[in-house]
Amino acid sequence: MTSILEARGIQKSYGAVRVLENVDFDLQDGEAHVVIGPNGAGKTTLFRCLSGETRVNGGQIKFAGRDITALTGAQRVKLGIGRTFQVARIFPDMSAFENLIIAIETRERNDKGLRFTFGYIAPRQQVVDEAERLVVELGLEGAVDDVAGTLSHGDKKRLELAMSLALSPRLLMLDEPTAGMSPSDRAEAVRLIARVRKGYGLSLLLTEHDMEVVFGLATRLTVLHHGEIIASGEPAEVRSDSRVREVYLGQH
Amino acid sequence: MYDIGMTVFNGLAWAMATFLVAAGLTLIFGILHILNFAHGGFFMIGAYVSYSIMMAFGGSLPLWLYLVGAMASGIVVGLLGWAVDKLVFRRLRDVEDAYSLIATYALLLVCGGAVQLIWGLNYMGVMPPPALNTVVFVGDMFMPTFTIFIILSGIVAYIGLEFFISKTSTGRLIRVVAADPWMAQLLGLNVKKIYLITVIFSFAMAGTAGGLLMPNQSLSPELGGIFLLQAFGVVILGGMGSIRGAFYAALLLGLIESFGTYFFPQYPGIFFLLALAVILLLKPEGIMGKGQTA
Amino acid sequence: MIDYRARFRSNLLIASCGLAVFAVVPLVANSGLMFLAGLVAINVVFGLSWNLLFSGAGLLSFGHAMFFGGGAYAMAVVSLRLPELPFLVGLALGAGCGALIALIFGFIALRRASGVYFAVLTLAFSELVHILITKTTFLGRNDGLVGVPRPEIDLGLFRLDLTSATAYYYFIIVAMAAAAFALWCFQNSPAGRLIKAIKQDSVRTAFLGTSVFAWQLTAFVLSGAIAAFCGAVMVPFTQIASPEIAYWTVSTQPILFTLLGGAGNFWGPAVGAILFGAIDYGTRAMHGLSEITVGTLLLVVVLVIPGGLLGFVRHRRKKTRGKAKASTAGDTGARS
């Protein structure tokens, strides 16, 4: 098993507050790795550092063997790291379909250059076909022509996932993908994510709060506490780790 | 020695004159987060009003009347500010940034048009009051007393404003509302009233500045634009909303402009713009960073 | 699903109608009105170029005068000092001048792309250009460059004699139509879509793998080039390039056209430009009245009908349609 994402010695401070302290992190190719931890543990910060949303103050990050520490988020996406946000980010004033078209056209631009960027006054048939395929796959048929900003919370998340998939990523980072969902939606989301992971052969990195989602998806688990990793490994192992139990039982 | 001295002196003059205009602008931006284009227009109205007062008294005034005239301009423009707040600013609260900017720009146009209609297009000018219309000699340098007066006014204004903002209770209220209006409202503060006070005060400052700076200017409907751009440069560079930042930025830009004009006298007026561009290229947040009202 | 064909057809229809109206003017009106109409046509595209940036990319520019003036002066200089260069090359140079100015200043201004900073920076840069023009002897200083000739275009097989005002007027109409078409195509291309996306959520666009800065700069450069093109086309018509066309009040004009007509609609600036032409003509007698009218109108638009004329019309039509349908769907309101 190869490491697709490697982080060594990550330090991150916001002003005087040290949020991440010497974090070492590994993501294996093809696994579904979930990062959990109590509020304030630094999960979101770790996420932001790995995805490129913020710069680290120390440490090194490698993706597929390549040093990406100095790269911006946009550059990391071009290399194959997809990212969804806790509060789904989509383009609110366009239709859901147009959102997909933009994602697909962006991937084309990254792969093939500016050849198809100018000179067309309507999306190409190829792009439209792919968008339609994504719609069916992610179950967005009912939302296709709706203005994206008016979609339900769940639909927005699915749209965002569809857009991320359109980029053909190798690694997908999902920030609390089921946050704010009802239990039935949550179960549905877990099924969808698992299906997508298999279908696209993705490596996944998630942060989550809901334990059912965590144990439903994770092939590996990492527990963060006060900016440090206190356990990492198979879900069953981590579950029975004494320090983890202390942290969680103490907190709850 | 003479050259450096005079250049520094001129730089200070530019700086303090600009600061007098920029101070009110900074206040409004810090509190209301509106960049008030009309500030230039009201400055201009202040200058014209003061001019009219001077003309009404025969064109040459004793010092005290000149000062009273400036204050009267301040009051007139302050009242206009009250009207503007009621009619325009209040409605801009929920409007997008871009549109509120356009709205204040529209106000500037109205000011310019009104000035043209009332006072006409001709260039007008007035001498400083005789008491100030002298020159002070220091070694080789000759410094017009009026310019010294302006420089001192700028410094006094800065000290006064800093004191007002940090030491008085009203100033404290203004700072609280600037920092977190929602919290302020929750605490029971009359946020609307504080907004109104700030607006009136800011406009009054613009008007007074207009009245003070009016002598030695050639008055024209374009006056508003010229000082406005300089004030904008100072406010942006100083970190929006910071009076201290605006003061330092004014000094910096004033000196750069002055030295630039000394070496390249054929291109007056562009050095502070170039400096603004270069500094923002290197440090986009301005010299004081994010805006704080202090 | 958006019917792109239908959209293209309806826009083509609108453009054709507008073109027809402009084409008819010299036949029914006197030379003074024709001159005004020519300037209005140029203003239409000037407004469209500004709106590309405003509604298309979400960037508020207060400095479009620097492009318009830059293009105009480039054209004037080429016509007067380098008369051997073909007219069309001169136009291209004018547009290129605007693109260059946009590239340089856009690079600096876009580092702070937040509305207020960016807007004021464009204003400052525009004034920089204006001062440089007034102080440069080569550009005629405060008097500008006069006597710019109208061209004769040699197209090999035949010559186009544009020396008469009427002939040049028709050239303006054709040139502006072409520019408007180019702008429309850009906004409806994947590039235009991307820039619209940046406006709606730049973080999301970045995390799709796009350099937001590069594309905002692209939009700025295109907008500047077209605005400069407008200036370049205008100069042989008026036969003079003076510093007033680079003065900051010229930057107000496209803002006014767009807001009057409605920023949310592609043709909004066109409606606004025509309306403004009428107002300006009507108030030309009294100094200051035009500015007061314009300022008040802008204020009213921002405070009362931010969607402008076309936005207002659309809003009313939605209302009547909504009443007729008695549907449960929510009205998203007049968004500009």
# chains A, B, ... in the order shown; residues from 1 in each chain; ligands from 1
$ interface_residues --of "chain A" --to "chain C" --cutoff "8 Å" --atoms "only C-alpha atoms" --output "PyMOL selection string"
chain A and resi 73-78+82-83+89-93+97+102-103+105-107+110+116-123+144-145+164+167
$ write_last_selection --atoms "N, CA and C atoms" --output "compact mmCIF listing (two decimals), in the first residue's frame"
# COMPACT_ATOMS: atom_id res chain seq x y z
N GLY A 73 -4.27 26.17 -2.83
CA GLY A 73 -5.37 25.22 -2.93
C GLY A 73 -5.70 24.90 -4.37
N ALA A 74 -5.76 25.94 -5.20
CA ALA A 74 -6.10 25.74 -6.60
C ALA A 74 -5.10 24.82 -7.29
N GLN A 75 -3.82 25.03 -6.98
CA GLN A 75 -2.79 24.19 -7.59
C GLN A 75 -2.91 22.75 -7.13
N ARG A 76 -3.27 22.56 -5.85
CA ARG A 76 -3.42 21.20 -5.36
C ARG A 76 -4.60 20.50 -6.02
N VAL A 77 -5.66 21.26 -6.28
CA VAL A 77 -6.81 20.67 -6.95
C VAL A 77 -6.39 20.18 -8.33
N LYS A 78 -5.59 20.99 -9.01
CA LYS A 78 -5.14 20.59 -10.35
C LYS A 78 -4.34 19.30 -10.31
N GLY A 82 -9.49 16.75 -4.52
CA GLY A 82 -10.78 17.43 -4.52
C GLY A 82 -11.17 17.82 -3.12
N ARG A 83 -12.09 18.77 -3.01
CA ARG A 83 -12.42 19.27 -1.67
C ARG A 83 -13.87 19.71 -1.59
N ARG A 89 -20.30 24.64 -0.81
CA ARG A 89 -20.07 25.79 -1.68
C ARG A 89 -20.42 25.43 -3.11
N ILE A 90 -21.45 26.08 -3.60
CA ILE A 90 -21.83 25.92 -5.00
C ILE A 90 -22.08 27.31 -5.54
N PHE A 91 -22.39 27.42 -6.81
CA PHE A 91 -22.62 28.74 -7.39
C PHE A 91 -24.10 29.05 -7.30
N PRO A 92 -24.47 29.92 -6.37
CA PRO A 92 -25.87 30.04 -6.01
C PRO A 92 -26.80 30.62 -7.07
N ASP A 93 -26.28 31.43 -7.98
CA ASP A 93 -27.20 32.08 -8.91
C ASP A 93 -27.35 31.33 -10.23
N PHE A 97 -27.44 22.38 -13.05
CA PHE A 97 -26.82 21.83 -14.25
C PHE A 97 -25.65 22.69 -14.69
N ILE A 102 -19.76 23.93 -15.38
CA ILE A 102 -18.56 24.70 -15.06
C ILE A 102 -17.47 23.80 -14.51
N ALA A 103 -17.86 22.86 -13.63
CA ALA A 103 -16.86 21.96 -13.06
C ALA A 103 -16.20 21.13 -14.16
N GLU A 105 -16.06 21.77 -17.42
CA GLU A 105 -15.25 22.62 -18.31
C GLU A 105 -13.92 22.98 -17.65
N THR A 106 -13.94 23.15 -16.33
CA THR A 106 -12.68 23.45 -15.63
C THR A 106 -11.73 22.28 -15.73
N ARG A 107 -12.25 21.07 -15.57
CA ARG A 107 -11.38 19.91 -15.68
C ARG A 107 -10.79 19.83 -17.07
N ASN A 110 -8.00 22.18 -17.40
CA ASN A 110 -6.78 21.72 -16.75
C ASN A 110 -6.10 20.63 -17.55
N PHE A 116 -10.88 24.76 -25.68
CA PHE A 116 -12.34 24.85 -25.75
C PHE A 116 -12.91 26.00 -24.94
N THR A 117 -12.05 26.91 -24.49
CA THR A 117 -12.53 27.94 -23.57
C THR A 117 -13.21 29.09 -24.27
N PHE A 118 -12.69 29.47 -25.43
CA PHE A 118 -13.30 30.59 -26.15
C PHE A 118 -13.98 30.09 -27.40
N GLY A 119 -14.80 30.92 -27.98
CA GLY A 119 -15.34 30.58 -29.29
C GLY A 119 -16.54 29.67 -29.30
N TYR A 120 -17.03 29.26 -28.13
CA TYR A 120 -18.25 28.47 -28.11
C TYR A 120 -19.30 29.26 -27.35
N ILE A 121 -20.51 29.38 -27.91
CA ILE A 121 -21.50 30.16 -27.17
C ILE A 121 -22.49 29.27 -26.44
N ALA A 122 -22.27 27.98 -26.47
CA ALA A 122 -23.09 27.07 -25.69
C ALA A 122 -22.18 25.93 -25.27
N PRO A 123 -22.48 25.27 -24.15
CA PRO A 123 -21.64 24.16 -23.73
C PRO A 123 -21.65 23.05 -24.78
N VAL A 144 -32.16 19.54 -11.31
CA VAL A 144 -31.34 19.96 -12.45
C VAL A 144 -31.51 21.42 -12.87
N ASP A 145 -32.76 21.87 -13.01
CA ASP A 145 -32.95 23.23 -13.51
C ASP A 145 -33.15 24.24 -12.41
N SER A 164 -17.20 17.95 -7.46
CA SER A 164 -15.86 17.49 -7.11
C SER A 164 -15.49 16.27 -7.92
N LEU A 167 -14.12 16.59 -11.48
CA LEU A 167 -12.72 16.95 -11.67
C LEU A 167 -11.80 15.73 -11.75
$ select_by_dssp --residues "range 44-292 of chain B" --states "alpha helix (DSSP H)" --output "PyMOL selection string"
chain B and resi 44-56+63-87+97-119+145-167+169-179+181-186+191-213+223-237+243-263+271-282
$ closest_residue --among "B:Gly269, B:Pro215, B:Pro144, B:Gly74" --to "chain C" --atoms "only C-alpha atoms"
B:Gly269
$ closest_residue --among "C:Gly106, C:Pro26, C:Gly90, C:Gly70" --to "chain B" --atoms "only C-alpha atoms"
C:Gly106
$ residues_around --residues "Ala184 in chain B" --least-positions-apart "5" --cutoff "12 Å" --atoms "only C-alpha atoms" --output "number ranges by chain"
B: 172-179, 189-195
$ write_last_selection --atoms "N, CA and C atoms" --output "compact mmCIF listing (two decimals), in the first residue's frame"
# COMPACT_ATOMS: atom_id res chain seq x y z
N ARG B 172 -15.67 56.44 23.03
CA ARG B 172 -15.67 55.02 23.38
C ARG B 172 -16.88 54.33 22.75
N LEU B 173 -18.02 55.01 22.83
CA LEU B 173 -19.23 54.45 22.21
C LEU B 173 -19.01 54.22 20.74
N ILE B 174 -18.40 55.21 20.09
CA ILE B 174 -18.17 55.09 18.65
C ILE B 174 -17.27 53.89 18.36
N ARG B 175 -16.25 53.71 19.20
CA ARG B 175 -15.36 52.59 18.98
C ARG B 175 -16.08 51.27 19.13
N VAL B 176 -16.94 51.20 20.14
CA VAL B 176 -17.70 49.97 20.37
C VAL B 176 -18.58 49.65 19.18
N VAL B 177 -19.30 50.66 18.71
CA VAL B 177 -20.20 50.43 17.58
C VAL B 177 -19.41 50.05 16.34
N ALA B 178 -18.24 50.67 16.18
CA ALA B 178 -17.41 50.33 15.01
C ALA B 178 -16.96 48.89 15.07
N ALA B 179 -16.57 48.45 16.27
CA ALA B 179 -16.03 47.10 16.39
C ALA B 179 -17.10 46.04 16.21
N LEU B 189 -27.20 49.91 23.34
CA LEU B 189 -26.73 51.21 22.87
C LEU B 189 -27.57 51.68 21.69
N ASN B 190 -27.78 52.97 21.63
CA ASN B 190 -28.56 53.51 20.53
C ASN B 190 -27.67 53.65 19.30
N VAL B 191 -27.55 52.53 18.60
CA VAL B 191 -26.62 52.49 17.48
C VAL B 191 -26.96 53.52 16.41
N LYS B 192 -28.27 53.67 16.15
CA LYS B 192 -28.68 54.63 15.11
C LYS B 192 -28.21 56.04 15.46
N LYS B 193 -28.35 56.38 16.73
CA LYS B 193 -27.96 57.73 17.13
C LYS B 193 -26.46 57.92 16.99
N ILE B 194 -25.73 56.88 17.34
CA ILE B 194 -24.28 57.00 17.23
C ILE B 194 -23.86 57.13 15.77
N TYR B 195 -24.52 56.37 14.90
CA TYR B 195 -24.25 56.52 13.47
C TYR B 195 -24.48 57.97 13.06
$ atom_distance --atom1 "CA of Glu291 in chain C" --atom2 "CA of Val129 in chain C"
23.4 Å
$ closest_atom_pairs --of "chain B" --to "chain C" --cutoff "9 Å" --atoms "only C-alpha atoms" --output "CSV"
residue,atom,partner,partner_atom,distance
B:Ile34,CA,C:Val116,CA,8.7
B:Leu35,CA,C:Val116,CA,7.3
B:Val88,CA,C:Leu303,CA,7.8
B:Arg91,CA,C:Leu303,CA,6.8
B:Leu92,CA,C:Leu303,CA,7.4
B:Val95,CA,C:Leu303,CA,8.2
B:Asp97,CA,C:Gly115,CA,6.8
B:Ala98,CA,C:Gly115,CA,6.2
B:Tyr99,CA,C:Val302,CA,6.3
B:Ser100,CA,C:Val302,CA,7.6
B:Leu101,CA,C:Val116,CA,7.5
B:Ile102,CA,C:Val302,CA,7.7
B:Ala103,CA,C:Leu299,CA,5.3
B:Thr104,CA,C:Leu299,CA,8.1
B:Tyr105,CA,C:Gly295,CA,7.8
B:Ala106,CA,C:Gly295,CA,4.3
B:Leu107,CA,C:Gly295,CA,6.1
B:Leu108,CA,C:Gly295,CA,7.5
B:Leu109,CA,C:Gly295,CA,5.1
B:Val110,CA,C:Ile292,CA,4.4
B:Cys111,CA,C:Ile292,CA,7.5
B:Gly112,CA,C:Glu291,CA,7.1
B:Gly113,CA,C:Gly288,CA,3.9
B:Ala114,CA,C:Gly288,CA,6.4
B:Val115,CA,C:Gly288,CA,7.6
B:Gln116,CA,C:Gly288,CA,5.0
B:Leu117,CA,C:Gly288,CA,5.3
B:Ile118,CA,C:Gly288,CA,8.9
B:Gly120,CA,C:His287,CA,7.8
B:Leu121,CA,C:His287,CA,7.9
B:Gly225,CA,C:Trp248,CA,8.7
B:Leu229,CA,C:Ala124,CA,6.8
B:Gln230,CA,C:Ala124,CA,9.0
B:Phe232,CA,C:Val120,CA,7.3
B:Gly233,CA,C:Ala124,CA,7.9
B:Ile236,CA,C:Tyr117,CA,7.3
B:Gln266,CA,C:Lys135,CA,6.9
B:Tyr267,CA,C:Lys135,CA,6.5
B:Pro268,CA,C:Ile131,CA,8.3
B:Gly269,CA,C:Ile131,CA,7.4
B:Ile270,CA,C:Leu128,CA,5.8
B:Phe271,CA,C:Leu128,CA,9.0
B:Leu273,CA,C:Ala124,CA,6.4
B:Leu274,CA,C:Leu128,CA,7.9
B:Leu276,CA,C:Ala124,CA,8.7
B:Ala277,CA,C:Ile108,CA,7.0
B:Val278,CA,C:Ile108,CA,8.3
B:Leu280,CA,C:Ile108,CA,7.5
B:Leu281,CA,C:Ile108,CA,5.7
B:Pro284,CA,C:Arg112,CA,6.4
B:Glu285,CA,C:Arg112,CA,8.3
$ write_last_selection --atoms "C-alpha atoms" --output "JSON list (two decimals), in the first residue's frame"
[["chain", "number", "residue", "atom", "x", "y", "z"],
["B", 34, "ILE", "CA", -19.13, 53.16, 3.63],
["B", 35, "LEU", "CA", -16.46, 54.92, 1.62],
["B", 88, "VAL", "CA", -29.41, 58.24, 1.88],
["B", 91, "ARG", "CA", -31.04, 53.28, 3.30],
["B", 92, "LEU", "CA", -27.59, 52.10, 2.36],
["B", 95, "VAL", "CA", -27.26, 47.63, 0.22],
["B", 97, "ASP", "CA", -20.91, 47.50, -1.03],
["B", 98, "ALA", "CA", -20.63, 48.22, -4.71],
["B", 99, "TYR", "CA", -24.00, 49.91, -4.89],
["B", 100, "SER", "CA", -23.46, 52.02, -1.81],
["B", 101, "LEU", "CA", -20.19, 53.20, -3.32],
["B", 102, "ILE", "CA", -22.05, 54.19, -6.47],
["B", 103, "ALA", "CA", -24.65, 55.96, -4.35],
["B", 104, "THR", "CA", -22.08, 58.15, -2.60],
["B", 105, "TYR", "CA", -20.52, 58.80, -5.98],
["B", 106, "ALA", "CA", -23.90, 59.98, -7.19],
["B", 107, "LEU", "CA", -24.06, 62.29, -4.18],
["B", 108, "LEU", "CA", -20.71, 63.73, -5.22],
["B", 109, "LEU", "CA", -22.11, 64.47, -8.66],
["B", 110, "VAL", "CA", -25.08, 66.24, -7.12],
["B", 111, "CYS", "CA", -22.73, 68.35, -4.98],
["B", 112, "GLY", "CA", -20.66, 69.25, -8.00],
["B", 113, "GLY", "CA", -23.73, 70.17, -9.98],
["B", 114, "ALA", "CA", -25.15, 72.25, -7.15],
["B", 115, "VAL", "CA", -21.90, 74.16, -6.79],
["B", 116, "GLN", "CA", -21.87, 74.85, -10.52],
["B", 117, "LEU", "CA", -25.44, 76.07, -10.46],
["B", 118, "ILE", "CA", -25.08, 78.26, -7.39],
["B", 120, "GLY", "CA", -20.85, 79.11, -11.48],
["B", 121, "LEU", "CA", -17.92, 77.66, -13.31],
["B", 225, "GLY", "CA", -12.31, 65.64, -6.76],
["B", 229, "LEU", "CA", -8.40, 61.45, -4.30],
["B", 230, "GLN", "CA", -5.64, 62.53, -1.94],
["B", 232, "PHE", "CA", -8.68, 58.33, -0.43],
["B", 233, "GLY", "CA", -5.03, 57.54, -0.86],
["B", 236, "ILE", "CA", -6.53, 53.35, 2.05],
["B", 266, "GLN", "CA", 6.95, 68.78, -14.46],
["B", 267, "TYR", "CA", 4.77, 66.03, -13.00],
["B", 268, "PRO", "CA", 3.06, 67.32, -9.87],
["B", 269, "GLY", "CA", 0.33, 65.23, -8.38],
["B", 270, "ILE", "CA", 1.37, 61.77, -9.49],
["B", 271, "PHE", "CA", 3.94, 60.81, -6.89],
["B", 273, "LEU", "CA", -0.46, 57.95, -6.60],
["B", 274, "LEU", "CA", 2.64, 56.06, -7.65],
["B", 276, "LEU", "CA", 0.15, 54.33, -3.27],
["B", 277, "ALA", "CA", 0.40, 51.80, -6.06],
["B", 278, "VAL", "CA", 3.84, 50.59, -5.04],
["B", 280, "LEU", "CA", -0.16, 48.48, -1.98],
["B", 281, "LEU", "CA", 1.67, 46.15, -4.30],
["B", 284, "PRO", "CA", -1.93, 45.21, 0.43],
["B", 285, "GLU", "CA", -3.32, 45.76, 3.90]]
$ closest_residue --among "B:Val199, B:Leu65, B:Ile256, B:Leu228" --to "Gly211 in chain B" --atoms "only C-alpha atoms"
B:Leu65
$ residues_around --residues "range 226-242 of chain C" --least-positions-apart "5" --cutoff "7 Å" --atoms "only C-alpha atoms" --output "PyMOL selection string"
chain C and resi 42+45-46+49+67-73+75-76+91+94-95+98+143-150+165+168+172
$ atom_distance --atom1 "CA of Ile279 in chain B" --atom2 "CA of Leu251 in chain B"
14.2 Å
$ select_by_dssp --residues "range 35-206 of chain C" --states "strand (DSSP E)" --output "ChimeraX atom specification"
/C:145-146,152-154,159-161
$ closest_residue --among "C:Ala92, C:Val174, C:Ala278, C:Met66" --to "Ile245 in chain C" --atoms "only C-alpha atoms"
C:Met66
$ closest_residue --among "B:Pro62, B:Gly241, B:Gly40, B:Gly24" --to "Ala157 in chain B" --atoms "only C-alpha atoms"
B:Gly24
